[in-house]
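S.K.: Pasting input.cif here (mmCIF, N, CA and C atoms):
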```
data_my_file
loop_
_atom_site.label_atom_id
_atom_site.label_comp_id
_atom_site.auth_asym_id
_atom_site.auth_seq_id
_atom_site.Cartn_x
_atom_site.Cartn_y
_atom_site.Cartn_z
N MET A 21 59.17 12.62 21.93
CA MET A 21 60.22 11.64 21.76
C MET A 21 59.88 10.68 20.62
N ILE A 22 58.62 10.37 20.45
CA ILE A 22 58.21 9.47 19.38
C ILE A 22 58.53 10.09 18.02
N ILE A 23 58.30 11.41 17.90
CA ILE A 23 58.60 12.09 16.65
C ILE A 23 60.08 12.02 16.35
N LEU A 24 60.90 12.23 17.37
CA LEU A 24 62.36 12.14 17.21
C LEU A 24 62.76 10.75 16.74
N GLN A 25 62.20 9.73 17.36
CA GLN A 25 62.52 8.36 16.97
C GLN A 25 62.13 8.09 15.52
N LEU A 26 60.94 8.53 15.11
CA LEU A 26 60.51 8.34 13.74
C LEU A 26 61.42 9.06 12.76
N MET A 27 61.83 10.29 13.11
CA MET A 27 62.74 11.04 12.25
C MET A 27 64.05 10.31 12.07
N ILE A 28 64.60 9.82 13.16
CA ILE A 28 65.91 9.17 13.11
C ILE A 28 65.82 7.84 12.39
N CYS A 29 64.89 7.01 12.80
CA CYS A 29 64.83 5.65 12.26
C CYS A 29 64.33 5.61 10.82
N ASN A 30 63.49 6.56 10.42
CA ASN A 30 62.95 6.53 9.07
C ASN A 30 63.80 7.31 8.08
N ASN A 31 64.63 8.21 8.54
CA ASN A 31 65.39 9.06 7.63
C ASN A 31 66.87 8.72 7.56
N PHE A 32 67.36 7.90 8.45
CA PHE A 32 68.77 7.58 8.47
C PHE A 32 68.97 6.07 8.60
N ASP A 33 69.92 5.57 7.86
CA ASP A 33 70.35 4.19 8.07
C ASP A 33 71.53 4.26 9.03
N LEU A 34 71.22 4.06 10.28
CA LEU A 34 72.26 4.18 11.30
C LEU A 34 73.25 3.03 11.19
N ILE A 35 74.50 3.35 11.35
CA ILE A 35 75.55 2.33 11.45
C ILE A 35 75.88 2.13 12.92
N ASN A 36 76.08 3.24 13.62
CA ASN A 36 76.35 3.21 15.05
C ASN A 36 75.12 3.71 15.80
N PRO A 37 74.98 3.32 17.04
CA PRO A 37 73.92 3.94 17.85
C PRO A 37 74.19 5.44 17.99
N ILE A 38 73.12 6.21 18.14
CA ILE A 38 73.24 7.65 18.37
C ILE A 38 72.77 7.91 19.80
N ALA A 39 73.56 8.67 20.54
CA ALA A 39 73.21 9.04 21.90
C ALA A 39 73.05 10.56 22.00
N PHE A 40 71.84 10.98 22.36
CA PHE A 40 71.59 12.38 22.64
C PHE A 40 71.94 12.59 24.11
N VAL A 41 72.90 13.46 24.37
CA VAL A 41 73.43 13.62 25.73
C VAL A 41 73.14 15.03 26.23
N ASP A 42 72.65 15.10 27.47
CA ASP A 42 72.41 16.38 28.11
C ASP A 42 72.97 16.33 29.53
N VAL A 43 73.69 17.36 29.92
CA VAL A 43 74.21 17.45 31.29
C VAL A 43 73.73 18.74 31.93
N ALA A 44 73.46 18.65 33.22
CA ALA A 44 73.22 19.82 34.05
C ALA A 44 74.39 19.89 35.01
N SER A 45 74.85 21.10 35.29
CA SER A 45 76.08 21.22 36.08
C SER A 45 76.00 22.34 37.11
N THR A 46 77.06 22.45 37.87
CA THR A 46 77.14 23.46 38.92
C THR A 46 77.60 24.82 38.39
N SER A 47 78.16 24.86 37.19
CA SER A 47 78.73 26.10 36.67
C SER A 47 78.88 26.02 35.16
N LEU A 48 78.88 27.17 34.52
CA LEU A 48 79.20 27.22 33.10
C LEU A 48 80.69 27.29 32.86
N GLU A 49 81.45 27.53 33.91
CA GLU A 49 82.90 27.59 33.82
C GLU A 49 83.45 26.17 33.95
N LEU A 50 83.96 25.64 32.85
CA LEU A 50 84.36 24.23 32.78
C LEU A 50 85.33 23.80 33.88
N ARG A 51 86.30 24.63 34.20
CA ARG A 51 87.32 24.19 35.15
C ARG A 51 86.78 23.95 36.55
N LYS A 52 85.65 24.59 36.90
CA LYS A 52 85.10 24.34 38.23
C LYS A 52 83.73 23.66 38.20
N ALA A 53 83.22 23.36 37.02
CA ALA A 53 81.90 22.72 36.89
C ALA A 53 81.95 21.26 37.28
N ARG A 54 80.86 20.81 37.88
CA ARG A 54 80.65 19.39 38.19
C ARG A 54 79.25 19.01 37.70
N ILE A 55 79.09 17.79 37.27
CA ILE A 55 77.80 17.31 36.76
C ILE A 55 76.85 17.06 37.94
N VAL A 56 75.59 17.52 37.79
CA VAL A 56 74.56 17.21 38.78
C VAL A 56 73.48 16.29 38.20
N ARG A 57 73.41 16.24 36.86
CA ARG A 57 72.50 15.28 36.21
C ARG A 57 73.05 14.98 34.81
N ILE A 58 72.99 13.72 34.45
CA ILE A 58 73.32 13.33 33.08
C ILE A 58 72.14 12.52 32.54
N SER A 59 71.68 12.90 31.36
CA SER A 59 70.56 12.21 30.71
C SER A 59 70.98 11.83 29.31
N ILE A 60 70.65 10.60 28.93
CA ILE A 60 71.07 10.08 27.63
C ILE A 60 69.90 9.33 26.98
N MET A 61 69.55 9.74 25.77
CA MET A 61 68.57 9.02 24.96
C MET A 61 69.35 8.35 23.84
N LYS A 62 69.29 7.03 23.78
CA LYS A 62 70.11 6.27 22.83
C LYS A 62 69.20 5.57 21.83
N PHE A 63 69.51 5.76 20.53
CA PHE A 63 68.79 5.12 19.44
C PHE A 63 69.72 4.12 18.77
N HIS A 64 69.25 2.90 18.61
CA HIS A 64 70.04 1.84 18.00
C HIS A 64 69.68 1.68 16.53
N PRO A 65 70.60 1.14 15.73
CA PRO A 65 70.32 0.93 14.30
C PRO A 65 69.08 0.07 14.04
N ASP A 66 68.73 -0.81 14.97
CA ASP A 66 67.55 -1.67 14.77
C ASP A 66 66.24 -0.96 15.12
N GLY A 67 66.32 0.33 15.50
CA GLY A 67 65.12 1.09 15.81
C GLY A 67 64.76 1.11 17.30
N SER A 68 65.43 0.30 18.08
CA SER A 68 65.13 0.31 19.52
C SER A 68 65.77 1.53 20.17
N GLU A 69 65.29 1.85 21.35
CA GLU A 69 65.80 3.01 22.06
C GLU A 69 65.91 2.70 23.55
N GLN A 70 66.78 3.47 24.20
CA GLN A 70 66.99 3.36 25.64
C GLN A 70 67.15 4.75 26.20
N PHE A 71 66.75 4.92 27.45
CA PHE A 71 66.91 6.21 28.12
C PHE A 71 67.49 5.98 29.50
N LYS A 72 68.48 6.80 29.85
CA LYS A 72 69.07 6.79 31.20
C LYS A 72 69.17 8.22 31.68
N SER A 73 68.91 8.41 32.94
CA SER A 73 69.10 9.71 33.56
C SER A 73 69.47 9.48 35.01
N HIS A 74 70.53 10.15 35.45
CA HIS A 74 71.00 9.99 36.82
C HIS A 74 71.24 11.35 37.44
N LEU A 75 70.72 11.54 38.65
CA LEU A 75 71.15 12.68 39.45
C LEU A 75 72.50 12.31 40.04
N ILE A 76 73.39 13.26 40.08
CA ILE A 76 74.76 13.03 40.53
C ILE A 76 75.07 13.98 41.69
N ASN A 77 75.67 13.46 42.74
CA ASN A 77 76.13 14.31 43.82
C ASN A 77 77.45 14.95 43.38
N PRO A 78 77.47 16.28 43.21
CA PRO A 78 78.69 16.92 42.70
C PRO A 78 79.77 17.13 43.76
N GLN A 79 79.47 16.80 44.99
CA GLN A 79 80.41 16.98 46.11
C GLN A 79 80.79 18.44 46.32
N CYS A 80 79.88 19.33 45.93
CA CYS A 80 80.05 20.76 46.19
C CYS A 80 78.67 21.39 46.17
N GLU A 81 78.59 22.63 46.61
CA GLU A 81 77.33 23.34 46.60
C GLU A 81 76.92 23.69 45.17
N ILE A 82 75.64 23.61 44.91
CA ILE A 82 75.11 24.05 43.61
C ILE A 82 74.73 25.52 43.78
N PRO A 83 75.39 26.41 43.04
CA PRO A 83 75.06 27.83 43.15
C PRO A 83 73.61 28.11 42.75
N GLU A 84 73.05 29.15 43.33
CA GLU A 84 71.66 29.51 43.07
C GLU A 84 71.42 29.79 41.59
N ASP A 85 72.38 30.45 40.92
CA ASP A 85 72.19 30.76 39.50
C ASP A 85 72.13 29.49 38.65
N ALA A 86 72.85 28.45 39.04
CA ALA A 86 72.78 27.17 38.32
C ALA A 86 71.42 26.51 38.58
N THR A 87 70.96 26.56 39.81
CA THR A 87 69.65 25.98 40.15
C THR A 87 68.55 26.67 39.37
N MET A 88 68.68 27.97 39.15
CA MET A 88 67.67 28.71 38.37
C MET A 88 67.59 28.21 36.93
N ILE A 89 68.68 27.68 36.42
CA ILE A 89 68.70 27.17 35.05
C ILE A 89 68.12 25.76 34.97
N HIS A 90 68.62 24.84 35.80
CA HIS A 90 68.22 23.43 35.67
C HIS A 90 67.27 22.94 36.76
N LEU A 91 66.97 23.81 37.74
CA LEU A 91 66.01 23.52 38.82
C LEU A 91 66.43 22.38 39.75
N ILE A 92 67.70 22.02 39.75
CA ILE A 92 68.20 20.99 40.65
C ILE A 92 68.83 21.69 41.85
N LYS A 93 68.32 21.36 43.04
CA LYS A 93 68.78 22.00 44.27
C LYS A 93 69.73 21.07 45.02
N ASN A 94 70.47 21.65 45.95
CA ASN A 94 71.41 20.87 46.76
C ASN A 94 70.73 19.69 47.44
N GLU A 95 69.54 19.91 47.98
CA GLU A 95 68.83 18.81 48.66
C GLU A 95 68.39 17.71 47.70
N ASP A 96 68.27 18.02 46.41
CA ASP A 96 67.91 17.00 45.41
C ASP A 96 69.04 15.98 45.21
N VAL A 97 70.28 16.42 45.42
CA VAL A 97 71.42 15.56 45.12
C VAL A 97 72.21 15.12 46.35
N GLU A 98 71.78 15.56 47.54
CA GLU A 98 72.57 15.25 48.73
C GLU A 98 72.70 13.75 48.99
N ASN A 99 71.71 12.95 48.58
CA ASN A 99 71.79 11.50 48.76
C ASN A 99 72.04 10.76 47.43
N ALA A 100 72.31 11.53 46.39
CA ALA A 100 72.59 10.92 45.08
C ALA A 100 73.99 10.31 45.10
N LYS A 101 74.21 9.38 44.18
CA LYS A 101 75.52 8.74 44.07
C LYS A 101 76.50 9.66 43.34
N LEU A 102 77.78 9.41 43.53
CA LEU A 102 78.83 10.16 42.85
C LEU A 102 78.95 9.69 41.41
N PHE A 103 79.52 10.53 40.55
CA PHE A 103 79.69 10.16 39.14
C PHE A 103 80.48 8.86 39.00
N ASN A 104 81.51 8.69 39.84
CA ASN A 104 82.36 7.51 39.68
C ASN A 104 81.61 6.20 39.91
N VAL A 105 80.48 6.23 40.59
CA VAL A 105 79.65 5.03 40.76
C VAL A 105 79.05 4.60 39.42
N TYR A 106 78.72 5.58 38.58
CA TYR A 106 78.10 5.32 37.27
C TYR A 106 79.11 5.26 36.13
N ALA A 107 80.34 5.69 36.36
CA ALA A 107 81.30 5.91 35.28
C ALA A 107 81.51 4.69 34.39
N LYS A 108 81.76 3.55 34.98
CA LYS A 108 82.04 2.36 34.18
C LYS A 108 80.83 1.95 33.33
N SER A 109 79.65 1.97 33.92
CA SER A 109 78.45 1.57 33.17
C SER A 109 78.10 2.62 32.11
N LEU A 110 78.32 3.91 32.40
CA LEU A 110 78.07 4.94 31.39
C LEU A 110 79.04 4.82 30.23
N SER A 111 80.29 4.50 30.53
CA SER A 111 81.28 4.31 29.47
C SER A 111 80.87 3.16 28.55
N ARG A 112 80.41 2.06 29.14
CA ARG A 112 79.94 0.92 28.33
C ARG A 112 78.67 1.29 27.55
N TYR A 113 77.77 2.01 28.21
CA TYR A 113 76.50 2.41 27.59
C TYR A 113 76.74 3.29 26.36
N LEU A 114 77.74 4.16 26.44
CA LEU A 114 78.05 5.07 25.34
C LEU A 114 79.07 4.50 24.36
N SER A 115 79.55 3.30 24.63
CA SER A 115 80.54 2.68 23.77
C SER A 115 80.02 2.57 22.34
N ALA A 116 80.82 2.99 21.39
CA ALA A 116 80.52 2.92 19.95
C ALA A 116 79.39 3.85 19.52
N CYS A 117 78.92 4.72 20.39
CA CYS A 117 77.86 5.65 20.03
C CYS A 117 78.42 6.91 19.39
N ASP A 118 77.71 7.41 18.40
CA ASP A 118 77.94 8.76 17.96
C ASP A 118 77.16 9.65 18.91
N LEU A 119 77.64 10.87 19.13
CA LEU A 119 77.08 11.72 20.18
C LEU A 119 76.46 12.97 19.60
N ILE A 120 75.31 13.35 20.16
CA ILE A 120 74.61 14.56 19.75
C ILE A 120 74.21 15.31 21.02
N GLY A 121 74.33 16.63 20.97
CA GLY A 121 73.89 17.44 22.10
C GLY A 121 73.95 18.91 21.78
N PHE A 122 73.30 19.69 22.59
CA PHE A 122 73.31 21.14 22.44
C PHE A 122 74.49 21.68 23.22
N GLY A 123 75.48 22.20 22.53
CA GLY A 123 76.70 22.69 23.18
C GLY A 123 77.64 21.57 23.59
N ILE A 124 77.49 20.42 22.99
CA ILE A 124 78.26 19.24 23.41
C ILE A 124 79.75 19.38 23.13
N LYS A 125 80.12 20.01 22.03
CA LYS A 125 81.55 20.13 21.70
C LYS A 125 82.26 21.12 22.61
N ARG A 126 81.62 22.21 22.90
CA ARG A 126 82.25 23.27 23.68
C ARG A 126 82.15 23.01 25.18
N TYR A 127 81.08 22.34 25.61
CA TYR A 127 80.86 22.23 27.04
C TYR A 127 80.55 20.80 27.53
N GLY A 128 79.52 20.19 27.01
CA GLY A 128 79.05 18.90 27.53
C GLY A 128 80.09 17.80 27.48
N LEU A 129 80.69 17.59 26.32
CA LEU A 129 81.67 16.52 26.17
C LEU A 129 82.94 16.78 26.98
N PRO A 130 83.51 17.99 26.97
CA PRO A 130 84.66 18.23 27.84
C PRO A 130 84.34 18.00 29.33
N LEU A 131 83.14 18.36 29.76
CA LEU A 131 82.77 18.15 31.15
C LEU A 131 82.62 16.66 31.47
N ILE A 132 81.99 15.93 30.58
CA ILE A 132 81.83 14.48 30.77
C ILE A 132 83.20 13.80 30.80
N ARG A 133 84.08 14.18 29.88
CA ARG A 133 85.42 13.58 29.85
C ARG A 133 86.20 13.92 31.12
N LYS A 134 86.02 15.13 31.65
CA LYS A 134 86.67 15.52 32.90
C LYS A 134 86.21 14.60 34.04
N GLU A 135 84.91 14.34 34.10
CA GLU A 135 84.37 13.48 35.16
C GLU A 135 84.86 12.03 35.00
N PHE A 136 84.95 11.56 33.75
CA PHE A 136 85.51 10.22 33.53
C PHE A 136 86.97 10.15 33.98
N ARG A 137 87.76 11.18 33.65
CA ARG A 137 89.17 11.21 34.08
C ARG A 137 89.28 11.17 35.60
N LYS A 138 88.44 11.94 36.28
CA LYS A 138 88.45 11.95 37.75
C LYS A 138 88.10 10.57 38.30
N SER A 139 87.29 9.82 37.55
CA SER A 139 86.88 8.47 37.97
C SER A 139 87.87 7.41 37.51
N LYS A 140 88.91 7.84 36.78
CA LYS A 140 89.94 6.93 36.25
C LYS A 140 89.34 5.90 35.28
N ILE A 141 88.37 6.36 34.49
CA ILE A 141 87.73 5.52 33.46
C ILE A 141 88.05 6.14 32.10
N TYR A 142 88.56 5.31 31.21
CA TYR A 142 88.89 5.77 29.86
C TYR A 142 87.60 5.97 29.07
N PHE A 143 87.46 7.13 28.46
CA PHE A 143 86.29 7.42 27.62
C PHE A 143 86.77 8.01 26.30
N PRO A 144 86.94 7.15 25.30
CA PRO A 144 87.48 7.63 24.02
C PRO A 144 86.44 8.40 23.20
N VAL A 145 86.91 9.38 22.46
CA VAL A 145 86.03 10.11 21.55
C VAL A 145 86.47 9.94 20.10
N ARG A 146 87.60 9.31 19.91
CA ARG A 146 88.06 9.04 18.54
C ARG A 146 87.08 8.12 17.83
N ASN A 147 86.99 8.28 16.53
CA ASN A 147 86.14 7.45 15.67
C ASN A 147 84.66 7.57 16.02
N ARG A 148 84.27 8.69 16.58
CA ARG A 148 82.86 8.98 16.84
C ARG A 148 82.49 10.23 16.08
N ILE A 149 81.27 10.27 15.63
CA ILE A 149 80.74 11.51 15.08
C ILE A 149 80.14 12.26 16.26
N VAL A 150 80.48 13.54 16.39
CA VAL A 150 79.93 14.38 17.44
C VAL A 150 79.22 15.55 16.75
N ILE A 151 77.93 15.65 16.96
CA ILE A 151 77.12 16.70 16.33
C ILE A 151 76.67 17.66 17.42
N ASP A 152 77.03 18.93 17.24
CA ASP A 152 76.65 19.96 18.20
C ASP A 152 75.46 20.73 17.64
N LEU A 153 74.31 20.53 18.24
CA LEU A 153 73.09 21.18 17.76
C LEU A 153 73.14 22.69 17.94
N MET A 154 73.93 23.18 18.91
CA MET A 154 74.07 24.62 19.10
C MET A 154 74.77 25.25 17.89
N GLN A 155 75.80 24.57 17.37
CA GLN A 155 76.49 25.09 16.19
C GLN A 155 75.55 25.15 15.00
N ILE A 156 74.73 24.13 14.83
CA ILE A 156 73.76 24.11 13.72
C ILE A 156 72.75 25.24 13.91
N TYR A 157 72.24 25.38 15.13
CA TYR A 157 71.26 26.42 15.43
C TYR A 157 71.84 27.81 15.13
N HIS A 158 73.08 28.05 15.52
CA HIS A 158 73.69 29.37 15.30
C HIS A 158 73.97 29.63 13.82
N GLN A 159 74.15 28.58 13.03
CA GLN A 159 74.31 28.76 11.59
C GLN A 159 72.96 29.13 10.95
N VAL A 160 71.90 28.51 11.44
CA VAL A 160 70.56 28.76 10.88
C VAL A 160 70.01 30.09 11.39
N GLU A 161 70.29 30.42 12.65
CA GLU A 161 69.81 31.65 13.29
C GLU A 161 71.00 32.48 13.77
N PRO A 162 71.73 33.12 12.86
CA PRO A 162 72.93 33.88 13.27
C PRO A 162 72.57 35.01 14.24
N ARG A 163 73.50 35.30 15.14
CA ARG A 163 73.32 36.34 16.17
C ARG A 163 74.04 37.62 15.76
N ASN A 164 73.77 38.12 14.54
CA ASN A 164 74.44 39.34 14.12
C ASN A 164 73.45 40.42 13.74
#
```
Write out the structure in this file as structure tokens.
M.R.:
Amino acid sequence: MIILQLMICNNFDLINPIAFVDVASTSLELRKARIVRISIMKFHPDGSEQFKSHLINPQCEIPEDATMIHLIKNEDVENAKLFNVYAKSLSRYLSACDLIGFGIKRYGLPLIRKEFRKSKIYFPVRNRIVIDLMQIYHQVEPRN
């Protein structure tokens, strides 16, 4: 993490905070997926950083194949809070942040926005830079 911070703070003059966002979910199928963990590493233009990570009760069973990917079991989240408990504070925390993540455009951001909608919390994505590291990786390492 220190290397990442040095790369960001020494190589870029940030205007907005940058938030690296990672979600673990119950499914890869967006329409039925629910978040079971959200983790955010936030870098501010002044060089400071913050980290948040929350286990989320998805209010459904976590399939075994999903647990094999992220190692989060049903018993890990049975006493966790629901996403809507964190929604307002997460929206404020990510306010004015540009977003970075692996698969964030295709999967992570649509899933996060779905959970915000269910919580009746507005989460705008306009006027944000969204960088999908998976798209960059696939350009550098084509699968052909």
S.K.: To one decimal place, how far is atom C of Lys125 in chain A from atom N of Asp152 in chain A in Å?
M.R.: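 Pair atom C of Lys125 in chain A / atom N of Asp152 in chain A returns 7.8 Å.
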S.K.: Got a sec to tell me which of chain A DSSP assigns to strand (DSSP E or B), as a ChimeraX atom specification?
M.R.: /A:38-45,55-63,69-75,118-121,150-152
S.K.: Which of these, A:Val97, A:Val160, A:Val150, A:Ile82, has the shortest distance to Gly128 in chain A once you count only C-alpha atoms?
M.R.: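 Closest residue, counting only C-alpha atoms: A:Val150.
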S.K.: Evaluate the PyMOL selection byres ((chain A and resi 130-144) around 7) and record the selected residues as a PyMOL selection string, following the chain and residue labels used in the document.
M.R.: chain A and resi 50+53+55+103-104+107-108+111+124-129+145-148
S.K.: Separation of atom N of Asp42 in chain A and atom C of Asn164 in chain A, in Å?
M.R.: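 So the two atoms, atom N of Asp42 in chain A and atom C of Asn164 in chain A, lie 28.8 Å apart.
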S.K.: Evaluating the PyMOL selection byres ((chain A and resi 78) around 8) on the displayed file yields which residues, as a list in words?
M.R.: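 Output of the PyMOL selection byres ((chain A and resi 78) around 8): Thr46, Ala53, Arg54, Ile55, Val56, Arg57, Leu75, Ile76, Asn77, Gln79, Cys80, Glu81, Ile82, Val97, Glu98, Ala100, Lys101, Leu102 and Phe103 of chain A.
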S.K.: Take the selection from the previous step and output its residues with N, CA and C atoms, as a PDB file, in the coordinates of the input.
M.R.:
```pdb
ATOM      1  N   THR A  46      77.060  22.450  37.870  1.00  0.00           N
ATOM      2  CA  THR A  46      77.140  23.460  38.920  1.00  0.00           C
ATOM      3  C   THR A  46      77.600  24.820  38.390  1.00  0.00           C
ATOM      4  N   ALA A  53      83.220  23.360  37.020  1.00  0.00           N
ATOM      5  CA  ALA A  53      81.900  22.720  36.890  1.00  0.00           C
ATOM      6  C   ALA A  53      81.950  21.260  37.280  1.00  0.00           C
ATOM      7  N   ARG A  54      80.860  20.810  37.880  1.00  0.00           N
ATOM      8  CA  ARG A  54      80.650  19.390  38.190  1.00  0.00           C
ATOM      9  C   ARG A  54      79.250  19.010  37.700  1.00  0.00           C
ATOM     10  N   ILE A  55      79.090  17.790  37.270  1.00  0.00           N
ATOM     11  CA  ILE A  55      77.800  17.310  36.760  1.00  0.00           C
ATOM     12  C   ILE A  55      76.850  17.060  37.940  1.00  0.00           C
ATOM     13  N   VAL A  56      75.590  17.520  37.790  1.00  0.00           N
ATOM     14  CA  VAL A  56      74.560  17.210  38.780  1.00  0.00           C
ATOM     15  C   VAL A  56      73.480  16.290  38.200  1.00  0.00           C
ATOM     16  N   ARG A  57      73.410  16.240  36.860  1.00  0.00           N
ATOM     17  CA  ARG A  57      72.500  15.280  36.210  1.00  0.00           C
ATOM     18  C   ARG A  57      73.050  14.980  34.810  1.00  0.00           C
ATOM     19  N   LEU A  75      70.720  11.540  38.650  1.00  0.00           N
ATOM     20  CA  LEU A  75      71.150  12.680  39.450  1.00  0.00           C
ATOM     21  C   LEU A  75      72.500  12.310  40.040  1.00  0.00           C
ATOM     22  N   ILE A  76      73.390  13.260  40.080  1.00  0.00           N
ATOM     23  CA  ILE A  76      74.760  13.030  40.530  1.00  0.00           C
ATOM     24  C   ILE A  76      75.070  13.980  41.690  1.00  0.00           C
ATOM     25  N   ASN A  77      75.670  13.460  42.740  1.00  0.00           N
ATOM     26  CA  ASN A  77      76.130  14.310  43.820  1.00  0.00           C
ATOM     27  C   ASN A  77      77.450  14.950  43.380  1.00  0.00           C
ATOM     28  N   GLN A  79      79.470  16.800  44.990  1.00  0.00           N
ATOM     29  CA  GLN A  79      80.410  16.980  46.110  1.00  0.00           C
ATOM     30  C   GLN A  79      80.790  18.440  46.320  1.00  0.00           C
ATOM     31  N   CYS A  80      79.880  19.330  45.930  1.00  0.00           N
ATOM     32  CA  CYS A  80      80.050  20.760  46.190  1.00  0.00           C
ATOM     33  C   CYS A  80      78.670  21.390  46.170  1.00  0.00           C
ATOM     34  N   GLU A  81      78.590  22.630  46.610  1.00  0.00           N
ATOM     35  CA  GLU A  81      77.330  23.340  46.600  1.00  0.00           C
ATOM     36  C   GLU A  81      76.920  23.690  45.170  1.00  0.00           C
ATOM     37  N   ILE A  82      75.640  23.610  44.910  1.00  0.00           N
ATOM     38  CA  ILE A  82      75.110  24.050  43.610  1.00  0.00           C
ATOM     39  C   ILE A  82      74.730  25.520  43.780  1.00  0.00           C
ATOM     40  N   VAL A  97      70.280  16.420  45.420  1.00  0.00           N
ATOM     41  CA  VAL A  97      71.420  15.560  45.120  1.00  0.00           C
ATOM     42  C   VAL A  97      72.210  15.120  46.350  1.00  0.00           C
ATOM     43  N   GLU A  98      71.780  15.560  47.540  1.00  0.00           N
ATOM     44  CA  GLU A  98      72.570  15.250  48.730  1.00  0.00           C
ATOM     45  C   GLU A  98      72.700  13.750  48.990  1.00  0.00           C
ATOM     46  N   ALA A 100      72.310  11.530  46.390  1.00  0.00           N
ATOM     47  CA  ALA A 100      72.590  10.920  45.080  1.00  0.00           C
ATOM     48  C   ALA A 100      73.990  10.310  45.100  1.00  0.00           C
ATOM     49  N   LYS A 101      74.210   9.380  44.180  1.00  0.00           N
ATOM     50  CA  LYS A 101      75.520   8.740  44.070  1.00  0.00           C
ATOM     51  C   LYS A 101      76.500   9.660  43.340  1.00  0.00           C
ATOM     52  N   LEU A 102      77.780   9.410  43.530  1.00  0.00           N
ATOM     53  CA  LEU A 102      78.830  10.160  42.850  1.00  0.00           C
ATOM     54  C   LEU A 102      78.950   9.690  41.410  1.00  0.00           C
ATOM     55  N   PHE A 103      79.520  10.530  40.550  1.00  0.00           N
ATOM     56  CA  PHE A 103      79.690  10.160  39.140  1.00  0.00           C
ATOM     57  C   PHE A 103      80.480   8.860  39.000  1.00  0.00           C
TER      58      PHE A 103
END
```
S.K.: Nearest to Met154 in chain A among A:Tyr106, A:Lys72, A:Gly123, A:Ser47, with distances taken over only C-alpha atoms: which residue is it?
M.R.: A:Gly123
S.K.: Could you please determine the separation between CA of Ala39 in chain A and CA of His158 in chain A in Å, to one decimal place?
M.R.: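 That distance, rounded to one decimal, is 21.4 Å.
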S.K.: Based on the backbone DSSP call, show me all residues of range 48-113 of chain A assigned helix (DSSP H, G or I), as a list of chain:residue names.
M.R.: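 DSSP-assigned helix (DSSP H, G or I) residues in range 48-113 of chain A: A:Glu84, A:Asp85, A:Ala86, A:Thr87, A:Met88, A:Ile89, A:His90, A:Asn94, A:Glu95, A:Asp96, A:Val97, A:Phe103, A:Asn104, A:Val105, A:Tyr106, A:Ala107, A:Lys108, A:Ser109, A:Leu110, A:Ser111, A:Arg112, A:Tyr113.
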S.K.: Apply the PyMOL selection byres ((chain A and resi 40) around 7) to the file shown and report the selected residues as an MDAnalysis selection string.
M.R.: chainID A and resid 38:39 41:42 59:63 118:121
